[in-house]
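Everything below concerns the one structure shown next.
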Amino acid sequence: MSLASDNQIIILGIETSCDETSAAVLVNGTELRSHIISSQIATHQKYGGVVPEIASREHILHFQKVVQEAFTEAQVGFNHLSAIAVTYGPGLVGSLLVGVAGAKAIAYAAGIPLIGINHLEGHIYANFLTHQDLTFPLLALLVSGGHTHLIYFEDHGRYTVLGRTRDDAAGEALDKVARALGLGYPGGPQIQKAGQTGDPAAFDFPRAMLEPDSLDFSFSGMKSAVLNTLNSARMKNQTLKTEDLAASFQQAVVDVLVRKSVLALERTDAKILLLAGGVAANTLLRETLEFELVKRGVGLYYPPPVLCTDNAAMIATAGYYHYLAKDFAPWTLNAVPGLSF
Ligand code: KG4
Ligand code: ZN
């Protein structure tokens with residue numbers, strides 16, 4: 001028996017931009033009927049990072065099964081869908097193409113609209129699924145493996161990027177430092193875990209703040225400071241405590257993210273900060289932001305960890321708002337690996 005009815009807006013979300021094949025069925029923007037994530041982390045772990053060619057092949061292997069499971073769990077079929085929302089960038093081109101081609105095929109066969117979603121917007125919209133009391137204007141701190149952005153939202157679809165990283169993203173820096181420390185991939189959770197028993201003040205790594213009025217980020221020099229510390233210790237045959245290095249680097253990254261967020265809040269009228277992206281799962285970041293924002297009367301919102309990292313529920317949620325705005329993609333929609341915000 002189907003649970004779908006005519007007056008519902010039912011969106012199938014599809015995400016394949018990196019190393020997760022995911023599909024979700026979302027009803028009326030807030031009711032997540034199903035959410036399937038097939039992660040390739042175990043496959044890529046032995047290489048210390050995502051291997052693009054392997055990622056696309058894995059998506060091809062899992063795409064159909066993941067979509068089918070999402071339908072079965074939601075008790076809906078193609079004929080119940082209002083639209084299909086798919087990530088079309090940024091990401092790995094081969095991976096994105098699997099999702100875009102699959103979504104197009106389903107939408108065309110079912111005779112329903114196709115919606116192209118910017119992956120970065122998707123991350124932020126995970127918050128609209130989790131929290132139903134969000135009001136504009138609001139500020140979003142997007143911190144993922146490939147991006148670090150501060151964005152001011154006046155309304156759905158009306159936003160200004162206030163700052164972005166000039167080199168490494170926060171997650172990328174955490175991943176690279178984790179690899180240098182022999183902690184494995186993905187690095188962020190490993191740094192968090194190792195850092196739990198380390199001293200965050202053991203190493204005074206630089207906090208790159210750039211020009212005094214800049215809301216941009218730079219994590220490359222901070223990452224190099226850790227690598228230089230490791231190299232010079234090796235040359236002197238010294239052993240440094242991995243836990244202390246992890247805790248100190250995590251603290252430095254969090255300090256910069258929090259200080260820039262506070263600066264951005266002071267410059268705008270936003271009373272809400274949305275935290276989004278894989279690094280938003282970081283406990284120290286959440287707790288430090290909470291501490292600083294509560295003093296300023298600003299509300300902090302973030303999704304549960306499963307909706308922080310890549311997933312299709314966030315894509316379906318962003319898709320719902322595009323659907324309301326009748327913002328549909330043409331059949332020529334293509335993967336755009338370097339899509340910006
Ligand atoms: O958003 P995401 O899943 O993929 C991209 O769109 O990039 O983010 C992945 C990033 C990786 O760099 C990973 O190390 C980081 O998020 N990450 C974390 C945590 N969980 C994932 N970083 C810090 N603490 C965590 N708990
Ligand atoms: Zn992502």
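Going through the structure tokens in order, the chains are called A, B, and so on, while each chain numbers its residues from 1 and the ligands are numbered from 1 in the order shown.
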Tell me, as a compact mmCIF listing (two decimals) with N, CA, C and O atoms, in the first residue's frame, which residues lie within 8 Å of Ala318 of chain A, counting only C-alpha atoms; anything in the same chain fewer than 5 positions away does not count.
# COMPACT_ATOMS: atom_id res chain seq x y z
N ILE A 117 20.76 20.68 -7.87
CA ILE A 117 21.11 21.29 -6.57
C ILE A 117 22.62 21.46 -6.44
O ILE A 117 23.39 20.53 -6.72
N GLU A 121 24.77 24.27 -1.13
CA GLU A 121 23.45 24.71 -0.68
C GLU A 121 22.77 23.54 0.06
O GLU A 121 22.13 23.73 1.09
N GLY A 122 22.94 22.34 -0.50
CA GLY A 122 22.36 21.15 0.13
C GLY A 122 22.83 21.02 1.58
O GLY A 122 22.01 20.82 2.49
N TYR A 125 20.99 23.34 3.73
CA TYR A 125 19.57 23.01 3.86
C TYR A 125 19.29 21.80 4.75
O TYR A 125 18.14 21.57 5.14
N ALA A 126 20.32 21.06 5.11
CA ALA A 126 20.13 19.98 6.11
C ALA A 126 19.55 20.59 7.38
O ALA A 126 18.80 19.95 8.12
Exercise answer, 6 Å around ligand 1 with only C-alpha atoms and all ligand atoms, as a ChimeraX atom specification
/A:144-146,171-172,175,186-189,192,277-279,281-282,309-310
Please tabulate, as a Markdown table, the residues of segment 8-57 of chain A that come within 12 Å of segment 83-99 of chain A, each with its closest pair of atoms and the distance in Å to one decimal, counting only C-alpha atoms and ordering rows by chain, then residue number upward.
| residue | atom | partner | partner_atom | distance |
| --- | --- | --- | --- | --- |
| A:Gln8 | CA | A:Ala83 | CA | 11.4 |
| A:Ile9 | CA | A:Ala83 | CA | 8.2 |
| A:Ile10 | CA | A:Ala83 | CA | 6.9 |
| A:Ile11 | CA | A:Ala83 | CA | 5.2 |
| A:Leu12 | CA | A:Ile84 | CA | 4.8 |
| A:Gly13 | CA | A:Ala85 | CA | 4.8 |
| A:Ile14 | CA | A:Val86 | CA | 4.7 |
| A:Glu15 | CA | A:Thr87 | CA | 5.5 |
| A:Thr16 | CA | A:Gly99 | CA | 5.4 |
| A:Ser17 | CA | A:Leu96 | CA | 4.7 |
| A:Cys18 | CA | A:Leu92 | CA | 5.9 |
| A:Asp19 | CA | A:Ser95 | CA | 7.9 |
| A:Glu20 | CA | A:Ser95 | CA | 9.3 |
| A:Thr21 | CA | A:Gly99 | CA | 8.4 |
| A:Ser22 | CA | A:Gly99 | CA | 9.3 |
| A:Ala23 | CA | A:Val86 | CA | 9.3 |
| A:Ala24 | CA | A:Ala85 | CA | 9.8 |
| A:Val25 | CA | A:Ile84 | CA | 9.5 |
| A:Leu26 | CA | A:Ile84 | CA | 10.4 |
| A:Val27 | CA | A:Ala83 | CA | 11.0 |
| A:Asn28 | CA | A:Ala83 | CA | 11.8 |
| A:Gln40 | CA | A:Ser95 | CA | 11.8 |
| A:Val50 | CA | A:Leu92 | CA | 9.8 |
| A:Val51 | CA | A:Leu92 | CA | 9.8 |
| A:Pro52 | CA | A:Leu92 | CA | 6.5 |
| A:Glu53 | CA | A:Gly94 | CA | 7.1 |
| A:Ile54 | CA | A:Ser95 | CA | 9.2 |
| A:Ala55 | CA | A:Ser95 | CA | 6.3 |
| A:Ser56 | CA | A:Ser95 | CA | 4.4 |
| A:Arg57 | CA | A:Ser95 | CA | 8.0 |
Sel. of helix (DSSP H, G or I) residues, segment 260-314 of chain A, as an MDAnalysis selection string
chainID A and resid 260:267 278:281 283:295 305:308 312:314
If you run DSSP over the backbone, which residues in segment 175-296 of chain A end up strand (DSSP E)? Put them as a ChimeraX atom specification.
/A:272-276
Go ahead and write the selection's residues with N, CA, C and O atoms as a PDB file, in the first residue's frame.
ATOM      1  N   ILE A 272      20.851  34.211  13.786  1.00  0.00           N
ATOM      2  CA  ILE A 272      20.915  32.748  13.712  1.00  0.00           C
ATOM      3  C   ILE A 272      22.180  32.370  12.944  1.00  0.00           C
ATOM      4  O   ILE A 272      22.492  32.983  11.916  1.00  0.00           O
ATOM      5  N   LEU A 273      22.901  31.386  13.462  1.00  0.00           N
ATOM      6  CA  LEU A 273      24.030  30.827  12.705  1.00  0.00           C
ATOM      7  C   LEU A 273      23.742  29.362  12.420  1.00  0.00           C
ATOM      8  O   LEU A 273      23.504  28.577  13.336  1.00  0.00           O
ATOM      9  N   LEU A 274      23.757  29.020  11.131  1.00  0.00           N
ATOM     10  CA  LEU A 274      23.598  27.619  10.741  1.00  0.00           C
ATOM     11  C   LEU A 274      24.984  27.040  10.492  1.00  0.00           C
ATOM     12  O   LEU A 274      25.760  27.593   9.718  1.00  0.00           O
ATOM     13  N   LEU A 275      25.260  25.941  11.135  1.00  0.00           N
ATOM     14  CA  LEU A 275      26.526  25.251  10.922  1.00  0.00           C
ATOM     15  C   LEU A 275      26.243  24.092   9.972  1.00  0.00           C
ATOM     16  O   LEU A 275      25.250  23.379  10.146  1.00  0.00           O
ATOM     17  N   ALA A 276      27.100  23.926   8.967  1.00  0.00           N
ATOM     18  CA  ALA A 276      26.810  22.884   7.973  1.00  0.00           C
ATOM     19  C   ALA A 276      28.085  22.299   7.386  1.00  0.00           C
ATOM     20  O   ALA A 276      29.144  22.917   7.456  1.00  0.00           O
TER      21      ALA A 276
END
Hey, which of A:Leu230, A:Val177, A:Ala103, A:Ala335 ends up closest to Gly48 of chain A? Count only C-alpha atoms.
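Smallest separation from Gly48 of chain A among the options: A:Val177.
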Atom CA of Ser214 of chain A and atom CA of Leu289 of chain A are how many Å apart?
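Distance between the two atoms: 19.2 Å.
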Between atom CA of Arg286 of chain A and atom CA of Val161 of chain A, what is the spacing in Å?
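Answer for the atom CA of Val161 of chain A to atom CA of Arg286 of chain A separation: 21.5 Å.
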With a distance cut-off of 10 Å and only C-alpha atoms, select the neighbouring residues of Arg33 of chain A, excluding the residue or stretch itself and same-chain residues fewer than 2 positions from it, and output the selection as a list in words.
Leu3, Ile10, Ala24, Val25, Leu26, Val27, Thr30, Glu31, His35, Ala70, Phe71, Thr72, Glu73, Ala74, Gln75, Val76 and Ala313 of chain A
Residue nearest ligand 2 among A:Gly221, A:Arg207, A:His119, A:Asp255 (counting only C-alpha atoms and all ligand atoms)
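Checking each of A:Gly221, A:Arg207, A:His119, A:Asp255 against ligand 2, counting only C-alpha atoms and all ligand atoms, the winner is A:His119.
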Shortest interatomic distance to ligand 2 - which of A:Cys308, A:Thr165, A:Lys241, A:Pro303, counting only C-alpha atoms and all ligand atoms
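Of A:Cys308, A:Thr165, A:Lys241, A:Pro303, the one nearest ligand 2, counting only C-alpha atoms and all ligand atoms, is A:Cys308.
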For atom CA of Phe203 of chain A and atom CA of Asp244 of chain A, the interatomic separation in Å (one decimal):
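Going from atom CA of Phe203 of chain A over to atom CA of Asp244 of chain A covers 7.4 Å.
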For Asn231 of chain A, which residue among A:Lys193, A:Leu181, A:Ala140, A:Ser218 is the nearest when counting only C-alpha atoms?
A:Leu181
Counting only C-alpha atoms and all ligand atoms, the option among A:Asn228, A:Ser220, A:Thr197, A:Asn118 closest to ligand 2
A:Asn118
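By only C-alpha atoms, and with residues fewer than 3 positions from segment 147-151 of chain A along its chain excluded, the set lying at most 8 Å from it is Leu139, Ala140, Leu141, Leu142, Val143, Ser144, Tyr159, Thr160, Val161, Leu162, Gly163, Arg164, Thr165, Asp168, Ala169, Ala170, Gly171, Leu215, Asp216, Phe217, Ser261 and Ala264 of chain A.
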Would you list the contacts of Gly184 of chain A as a ChimeraX atom specification, taking every protein, DNA or RNA residue within 9 Å and counting only C-alpha atoms, but skipping same-chain residues closer than 5 positions in sequence?
/A:45-46,48-49,175,178-179,190
Next, the residues of the selection above should be written as a short mmCIF file (atom, residue, chain, number, x, y, z; two decimals), in the first residue's frame with N, CA, C and O atoms.
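Final output, part.cif:
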data_model
loop_
_atom_site.label_atom_id
_atom_site.label_comp_id
_atom_site.auth_asym_id
_atom_site.auth_seq_id
_atom_site.Cartn_x
_atom_site.Cartn_y
_atom_site.Cartn_z
N GLN A 45 39.72 3.87 2.09
CA GLN A 45 40.58 3.99 3.27
C GLN A 45 42.01 3.50 3.01
O GLN A 45 42.97 4.13 3.43
N LYS A 46 42.13 2.40 2.25
CA LYS A 46 43.48 1.86 2.05
C LYS A 46 44.37 2.76 1.19
O LYS A 46 45.56 2.60 1.17
N GLY A 48 44.20 6.13 1.57
CA GLY A 48 44.39 7.35 2.37
C GLY A 48 43.58 8.53 1.87
O GLY A 48 43.80 9.67 2.29
N GLY A 49 42.65 8.31 0.96
CA GLY A 49 41.81 9.39 0.44
C GLY A 49 40.95 8.86 -0.70
O GLY A 49 41.13 7.70 -1.12
N ASP A 175 42.12 16.60 7.14
CA ASP A 175 42.42 15.32 6.49
C ASP A 175 43.92 15.18 6.22
O ASP A 175 44.51 14.11 6.43
N ALA A 178 45.82 14.73 9.48
CA ALA A 178 45.55 13.37 10.00
C ALA A 178 46.41 12.34 9.26
O ALA A 178 46.97 11.43 9.86
N ARG A 179 46.52 12.53 7.95
CA ARG A 179 47.32 11.60 7.17
C ARG A 179 48.79 11.67 7.60
O ARG A 179 49.45 10.65 7.76
N GLN A 190 39.07 11.40 13.01
CA GLN A 190 40.26 10.79 13.64
C GLN A 190 40.98 11.82 14.50
O GLN A 190 41.46 11.52 15.60
#
